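Asker: Just one file: run29.tsv, with TSV, C-alpha atoms and all ligand atoms.
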chain	number	residue	atom	x	y	z
F	1	MET	CA	12.21	17.24	-13.05
F	2	LEU	CA	15.09	14.90	-13.87
F	3	ARG	CA	13.66	13.85	-17.17
F	4	SER	CA	16.99	12.70	-18.54
F	5	ASP	CA	17.03	9.53	-16.44
F	6	THR	CA	13.69	8.25	-17.79
F	7	HIS	CA	15.07	6.12	-20.54
F	8	ARG	CA	18.25	5.21	-18.72
F	9	LYS	CA	16.60	3.66	-15.70
F	10	PHE	CA	12.96	3.00	-16.50
F	11	ARG	CA	12.29	1.40	-19.81
F	12	PHE	CA	10.14	-0.91	-21.86
F	13	MET	CA	11.67	-4.26	-22.67
F	14	GLY	CA	10.92	-5.80	-26.04
F	15	SER	CA	9.59	-2.66	-27.68
F	16	ASN	CA	10.24	1.05	-27.90
F	17	ALA	CA	6.56	1.83	-28.26
F	18	SER	CA	5.37	3.05	-24.89
F	19	GLY	CA	2.13	4.60	-26.12
F	20	GLY	CA	2.71	7.37	-23.60
F	21	VAL	CA	2.10	5.07	-20.63
F	22	LEU	CA	5.72	5.04	-19.56
F	23	GLU	CA	6.03	8.80	-19.86
F	24	ASP	CA	2.82	9.40	-17.88
F	25	PHE	CA	3.89	7.05	-15.12
F	26	TYR	CA	7.33	8.63	-14.96
F	27	ALA	CA	5.84	12.14	-14.86
F	28	ALA	CA	3.57	11.06	-12.00
F	29	PHE	CA	6.16	9.37	-9.81
F	30	ARG	CA	9.33	11.38	-10.41
F	31	PRO	CA	8.23	14.49	-8.42
F	32	LEU	CA	7.42	12.31	-5.39
F	33	HIS	CA	10.95	12.35	-3.98
F	34	ARG	CA	14.43	13.56	-4.85
F	35	SER	CA	15.58	9.94	-4.76
F	36	TYR	CA	14.61	8.28	-8.03
F	37	TRP	CA	14.60	4.88	-6.34
F	38	TYR	CA	12.33	5.80	-3.44
F	39	ALA	CA	9.93	7.40	-5.90
F	40	LEU	CA	10.05	4.41	-8.25
F	41	ARG	CA	9.64	1.76	-5.55
F	42	ILE	CA	6.68	3.35	-3.84
F	43	SER	CA	5.05	3.92	-7.24
F	44	VAL	CA	5.58	0.32	-8.23
F	45	LEU	CA	3.85	-0.75	-5.01
F	46	VAL	CA	0.90	1.38	-6.11
F	47	ALA	CA	1.01	-0.21	-9.57
F	48	ILE	CA	1.12	-3.71	-8.05
F	49	SER	CA	-2.07	-2.91	-6.16
F	50	PHE	CA	-3.80	-2.35	-9.52
F	51	PHE	CA	-2.17	-5.25	-11.35
F	52	LYS	CA	-4.50	-7.99	-12.49
F	53	CYS	CA	-2.99	-10.77	-14.61
F	54	GLU	CA	-5.01	-11.43	-17.78
F	55	LYS	CA	-3.59	-14.93	-18.15
F	56	CYS	CA	-2.54	-14.36	-21.76
F	57	GLY	CA	0.64	-16.43	-21.32
F	58	ASN	CA	2.82	-13.84	-23.04
F	59	CYS	CA	5.37	-13.76	-20.24
F	60	CYS	CA	5.91	-17.52	-20.59
F	61	ARG	CA	5.94	-17.15	-24.36
F	62	TYR	CA	8.42	-14.30	-24.64
F	63	SER	CA	10.54	-14.41	-21.47
F	64	PRO	CA	12.10	-17.84	-21.06
F	65	PRO	CA	12.52	-18.71	-17.39
F	66	VAL	CA	15.73	-19.01	-15.39
F	67	PHE	CA	15.83	-21.43	-12.46
F	68	ARG	CA	18.25	-21.87	-9.60
F	69	GLU	CA	19.62	-25.38	-9.24
F	70	GLU	CA	17.37	-26.12	-6.24
F	71	GLU	CA	14.37	-25.02	-8.29
F	72	ALA	CA	15.39	-27.13	-11.27
F	73	LYS	CA	15.77	-30.15	-8.97
F	74	ARG	CA	12.34	-29.48	-7.48
F	75	ILE	CA	10.83	-29.35	-10.97
F	76	ALA	CA	12.57	-32.61	-11.94
F	77	LYS	CA	11.25	-34.33	-8.83
F	78	TYR	CA	7.74	-33.01	-9.51
F	79	LEU	CA	7.92	-34.42	-13.06
F	80	ASN	CA	9.52	-37.63	-11.81
F	81	ARG	CA	12.52	-37.10	-14.08
F	82	ASP	CA	16.28	-36.63	-13.70
F	83	LEU	CA	17.64	-33.11	-13.73
F	84	GLU	CA	19.51	-33.80	-16.97
F	85	GLU	CA	16.27	-34.83	-18.67
F	86	LEU	CA	14.62	-31.44	-18.21
F	87	PRO	CA	14.31	-29.30	-21.36
F	88	LEU	CA	16.72	-26.78	-19.82
F	89	GLU	CA	20.30	-25.75	-20.37
F	90	ARG	CA	22.96	-24.79	-17.85
F	91	PHE	CA	24.71	-21.43	-17.83
F	92	GLU	CA	28.37	-22.18	-18.39
F	93	GLN	CA	29.59	-19.39	-16.12
F	94	PHE	CA	26.97	-20.06	-13.46
F	95	SER	CA	26.73	-23.81	-13.25
F	96	ARG	CA	24.00	-23.65	-10.62
F	97	VAL	CA	21.57	-21.80	-12.88
F	98	TYR	CA	19.35	-23.40	-15.49
F	99	TYR	CA	17.56	-21.58	-18.25
F	100	ARG	CA	15.77	-22.04	-21.52
F	101	ALA	CA	17.27	-20.21	-24.49
F	102	GLU	CA	14.41	-21.01	-26.84
F	103	LYS	CA	10.90	-19.61	-26.60
F	104	PRO	CA	8.27	-20.28	-25.48
F	105	CYS	CA	8.87	-21.85	-22.09
F	106	PRO	CA	8.69	-25.65	-22.49
F	107	PHE	CA	6.34	-25.87	-19.50
F	108	LEU	CA	3.67	-23.66	-21.07
F	109	THR	CA	0.66	-25.63	-22.30
F	110	PRO	CA	-1.36	-24.76	-25.44
F	111	GLU	CA	-4.08	-23.53	-23.06
F	112	ASN	CA	-1.68	-20.90	-21.67
F	113	LYS	CA	-1.31	-22.79	-18.42
F	114	CYS	CA	1.87	-23.60	-16.53
F	115	SER	CA	2.27	-27.38	-16.35
F	116	ILE	CA	4.54	-27.08	-13.29
F	117	TYR	CA	2.63	-24.26	-11.59
F	118	GLU	CA	3.02	-25.61	-8.03
F	119	VAL	CA	6.81	-25.76	-8.34
F	120	ARG	CA	7.54	-22.94	-10.78
F	121	GLY	CA	10.56	-20.82	-9.95
F	122	THR	CA	11.08	-17.44	-8.36
F	123	CYS	CA	11.48	-15.66	-11.67
F	124	CYS	CA	7.98	-16.85	-12.65
F	125	ARG	CA	6.43	-16.04	-9.29
F	126	ALA	CA	8.00	-12.60	-9.13
F	127	PHE	CA	6.88	-11.54	-12.60
F	128	PRO	CA	6.18	-8.72	-13.37
F	129	HIS	CA	6.63	-7.15	-9.92
F	130	GLU	CA	10.35	-7.76	-9.83
F	131	TRP	CA	10.84	-6.29	-13.29
F	132	LEU	CA	8.96	-3.14	-12.36
F	133	MET	CA	10.93	-2.77	-9.15
F	134	TYR	CA	14.08	-2.63	-11.26
F	135	GLY	CA	12.60	-0.09	-13.63
F	136	MET	CA	11.82	-2.51	-16.47
F	137	VAL	CA	8.45	-2.81	-18.17
F	138	PRO	CA	7.60	-5.90	-20.25
F	139	ALA	CA	6.07	-4.48	-23.42
F	140	TYR	CA	4.04	-7.66	-24.09
F	141	CYS	CA	2.07	-7.55	-20.81
F	142	SER	CA	-1.10	-5.53	-21.31
F	143	ALA	CA	-1.99	-5.93	-17.63
F	144	VAL	CA	1.16	-4.00	-16.69
F	145	PHE	CA	0.18	-1.15	-19.03
F	146	LYS	CA	-3.24	-0.93	-17.40
F	147	ALA	CA	-1.76	-1.02	-13.89
F	148	LEU	CA	0.74	1.74	-14.71
F	149	LYS	CA	-2.02	3.90	-16.15
F	150	GLN	CA	-4.17	3.52	-13.07
F	151	ALA	CA	-1.18	4.03	-10.79
F	152	ALA	CA	-0.19	7.28	-12.53
F	153	LYS	CA	-3.68	8.66	-12.00
F	154	PHE	CA	-3.74	7.53	-8.38
F	155	ILE	CA	-0.30	9.00	-7.61
F	156	LYS	CA	-1.25	12.38	-9.06
F	157	GLU	CA	-4.40	12.45	-6.94
F	158	HIS	CA	-2.65	11.41	-3.70
F	159	ILE	CA	0.80	12.90	-4.06
F	160	ASP	CA	1.04	14.39	-0.55
F	161	ALA	CA	-0.14	11.21	1.12
F	162	ILE	CA	2.33	9.13	-0.91
F	163	ARG	CA	5.17	11.50	0.04
F	164	TYR	CA	4.21	10.95	3.65
F	165	ALA	CA	4.20	7.18	3.07
F	166	ILE	CA	7.73	7.36	1.65
F	167	ASP	CA	8.91	8.93	4.94
F	168	VAL	CA	7.17	6.25	7.01
F	169	MET	CA	8.29	3.37	4.78
F	170	GLN	CA	11.89	4.34	4.10
F	171	GLU	CA	13.32	1.17	5.63
F	172	ASP	CA	10.95	-1.00	3.61
F	173	LEU	CA	11.89	0.82	0.43
F	174	VAL	CA	15.59	0.38	1.13
F	175	MET	CA	14.97	-3.32	1.74
F	176	LEU	CA	13.54	-3.58	-1.77
F	177	ALA	CA	16.94	-2.47	-3.09
F	178	ARG	CA	18.54	-5.80	-2.33
F	179	ASP	CA	19.89	-6.88	-5.64
F	180	SER	CA	19.50	-10.62	-5.29
F	181	ARG	CA	16.96	-12.01	-7.68
F	182	PHE	CA	17.77	-15.61	-7.05
F	183	LYS	CA	17.70	-15.68	-3.28
F	184	GLU	CA	16.19	-18.65	-1.52
F	185	GLU	CA	13.20	-16.63	-0.37
F	186	MET	CA	10.58	-15.98	-3.00
F	187	ARG	CA	10.68	-12.23	-3.07
F	188	TYR	CA	7.28	-11.81	-4.63
F	189	LYS	CA	5.80	-12.67	-1.27
F	190	GLU	CA	7.34	-9.52	0.15
F	191	TYR	CA	5.36	-7.24	-2.10
F	192	ARG	CA	1.82	-7.96	-0.97
F	193	PRO	CA	2.38	-7.07	2.72
F	194	LEU	CA	4.13	-3.90	1.61
F	195	VAL	CA	1.24	-2.95	-0.66
F	196	ASP	CA	-1.15	-3.53	2.26
F	197	ARG	CA	1.05	-1.45	4.55
F	198	LEU	CA	1.24	1.36	2.02
F	199	PHE	CA	-2.53	1.54	1.67
F	200	SER	CA	-2.98	1.41	5.42
F	201	ILE	CA	-0.60	4.40	5.78
F	202	LEU	CA	-2.40	6.25	2.99
F	203	GLY	CA	-5.67	5.62	4.79
F	204	GLU	CA	-4.28	7.18	7.97
F	205	TYR	CA	-2.98	10.30	6.20
F	206	LYS	CA	-4.88	13.44	7.07
F	301	LIG	S1	2.01	-11.31	-19.78
F	301	LIG	FE1	1.09	-10.27	-18.05
F	301	LIG	S2	-1.13	-10.55	-18.28
F	301	LIG	FE2	-0.11	-12.06	-19.58
F	301	LIG	S3	0.03	-13.90	-18.29
F	301	LIG	FE3	1.96	-12.77	-18.06
F	301	LIG	S4	1.64	-11.49	-16.26
F	301	LIG	FE4	-0.38	-12.18	-16.93
F	302	LIG	S1	7.66	-22.36	-15.73
F	302	LIG	FE1	5.48	-21.97	-15.90
F	302	LIG	S2	5.18	-19.88	-15.14
F	302	LIG	FE2	7.38	-20.15	-15.56
F	302	LIG	S3	7.66	-19.36	-17.64
F	302	LIG	FE3	7.30	-21.59	-17.78
F	302	LIG	S4	5.11	-21.82	-18.09
F	302	LIG	FE4	5.47	-19.74	-17.35
Give the structure from the file, written as structure tokens.
Answerer:
Amino acid sequence: MLRSDTHRKFRFMGSNASGGVLEDFYAAFRPLHRSYWYALRISVLVAISFFKCEKCGNCCRYSPPVFREEEAKRIAKYLNRDLEELPLERFEQFSRVYYRAEKPCPFLTPENKCSIYEVRGTCCRAFPHEWLMYGMVPAYCSAVFKALKQAAKFIKEHIDAIRYAIDVMQEDLVMLARDSRFKEEMRYKEYRPLVDRLFSILGEYK
């Protein structure tokens, strides 16, 4: 097992305390395939199937959002304000990207609700799936911990079927490698059909 790449590629963000969850998940998925990325991506699809947001608001509290210019404009229009009036700053190097340096997100309400939910950006919609797909685990999201735990158990119990699914889904898994977080399309939408496809293939496996 290529244990040495655990901490290089797959890591907790915001804390070093994994409580063994990270190690268990890694130990479950790494033997699936000689390609780390195929093994990781298929395992993250399994984890997404178990993920259930607990609506604690921690992601909005600890990970300030980043918006593309089109998204920032959409938010301004929704709030009936000018772009410059939004509580956001502009990256100097990337003038078309807006972010919030301070925490929590200014659009988070005291009730842990998103006040711009209908028009929130891709980075909000894709959380935490996108992080996981890139081998990052937000340490403040307890729902992710639970999903990884359940996924590790599931992968161990269905390892041959998941190996078969990797063969069938290779093109899909390569597609997930596109390194373009701020594309026009909201990538999070791509995960659910893939999760459904994975479980349909697993169901067919004899
Ligand atoms: S931190 Fe996780 S559980 Fe909490 S609101 Fe965000 S996604 Fe949901
Ligand atoms: S815009 Fe909404 S979903 Fe995104 S971080 Fe802020 S409160 Fe959370």
Asker: Given all atoms listed in the file as the basis, pick out the residue of F:Tyr140, F:Pro106, F:Pro31, F:Leu202 nearest to Glu89 of chain F.
Answerer: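 Going through F:Tyr140, F:Pro106, F:Pro31, F:Leu202 one by one, the smallest distance to Glu89 of chain F is for F:Pro106.
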Asker: I'd like the interatomic distance between atom CA of Ile155 of chain F and atom CA of Met136 of chain F, to a tenth of an Å.
Answerer: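 Going from atom CA of Ile155 of chain F over to atom CA of Met136 of chain F covers 18.9 Å.
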Asker: With distances taken over all atoms listed in the file, which residue among F:Arg30, F:Ala39, F:Pro193, F:Arg100 lies nearest Gln170 of chain F?
Answerer: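 The answer is F:Ala39, which sits nearest to Gln170 of chain F.
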Asker: With 5 Å on each side, where is the centre of the axis-aligned box around all listed atoms of ligand LIG 301 (chain F), and how long are its edges in Å to one decimal, as AutoDock Vina command-line options?
Answerer:
--center_x 0.4 --center_y -12.1 --center_z -18.0 --size_x 13.1 --size_y 13.6 --size_z 13.5
Asker: Got a sec to check which residues lie within 8 Å of ligand LIG 301 (chain F), using all atoms listed in the file, and send them as an MDAnalysis selection string?
Answerer: chainID F and resid 52:60 112 127:128 138 140:144
Asker: Taking all atoms listed in the file and a cut-off of 7 Å, can you tell me which residues surround ligand LIG 302 (chain F), written as number ranges by chain?
Answerer: F: 59-60, 63-65, 105-108, 113-117, 120-121, 124
Asker: Next, dump the selected residues to file, keeping only C-alpha atoms, as an mmCIF file, in the frame of the given file.
Answerer:
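Final output, saved to selection_25.cif:
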data_model
loop_
_atom_site.group_PDB
_atom_site.id
_atom_site.type_symbol
_atom_site.label_atom_id
_atom_site.label_comp_id
_atom_site.auth_asym_id
_atom_site.auth_seq_id
_atom_site.Cartn_x
_atom_site.Cartn_y
_atom_site.Cartn_z
ATOM 1 C CA CYS F 59 5.370 -13.760 -20.240
ATOM 2 C CA CYS F 60 5.910 -17.520 -20.590
ATOM 3 C CA SER F 63 10.540 -14.410 -21.470
ATOM 4 C CA PRO F 64 12.100 -17.840 -21.060
ATOM 5 C CA PRO F 65 12.520 -18.710 -17.390
ATOM 6 C CA CYS F 105 8.870 -21.850 -22.090
ATOM 7 C CA PRO F 106 8.690 -25.650 -22.490
ATOM 8 C CA PHE F 107 6.340 -25.870 -19.500
ATOM 9 C CA LEU F 108 3.670 -23.660 -21.070
ATOM 10 C CA LYS F 113 -1.310 -22.790 -18.420
ATOM 11 C CA CYS F 114 1.870 -23.600 -16.530
ATOM 12 C CA SER F 115 2.270 -27.380 -16.350
ATOM 13 C CA ILE F 116 4.540 -27.080 -13.290
ATOM 14 C CA TYR F 117 2.630 -24.260 -11.590
ATOM 15 C CA ARG F 120 7.540 -22.940 -10.780
ATOM 16 C CA GLY F 121 10.560 -20.820 -9.950
ATOM 17 C CA CYS F 124 7.980 -16.850 -12.650
#
Asker: Provide the atom CA of Arg197 of chain F to atom CA of Val21 of chain F distance in Å, to one decimal place.
Answerer: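 Interatomic distance, atom CA of Arg197 of chain F to atom CA of Val21 of chain F: 26.0 Å.
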Asker: Give the answer as one residue: which of F:Leu83, F:Ala28, F:Ala165, F:Leu40 has the shortest atom-to-atom distance to Tyr205 of chain F, using only C-alpha atoms?
Answerer: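 Result for the nearest residue to Tyr205 of chain F: F:Ala165.
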Asker: Could you jot down the atom CA of Ser35 of chain F to atom CA of Ala47 of chain F separation for me, Å, one decimal place?
Answerer: 18.4 Å
Asker: Smallest atom-to-atom distance to Phe91 of chain F: which of F:Cys123, F:Ala76, F:Ala152, F:Val66, using all atoms listed in the file?
Answerer: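 Among F:Cys123, F:Ala76, F:Ala152, F:Val66, it is F:Val66 that comes nearest to Phe91 of chain F.
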Asker: Between F:Ala101, F:Leu148, F:Ile159, F:Val195, which is the closest to Leu173 of chain F once you count only C-alpha atoms?
Answerer: F:Val195
Asker: Restricting the calculation to all atoms listed in the file: of F:Leu176, F:Val119, F:Leu88, F:Ala147, which residue gets closest to Leu194 of chain F?
Answerer: F:Leu176
Asker: Which residues, written as a ChimeraX atom specification, have at least one atom at most 12 Å from Leu32 of chain F, with only C-alpha atoms counted and residues fewer than 3 positions away on the same chain left out?
Answerer: /F:1-2,25-29,35-43,152,155-167
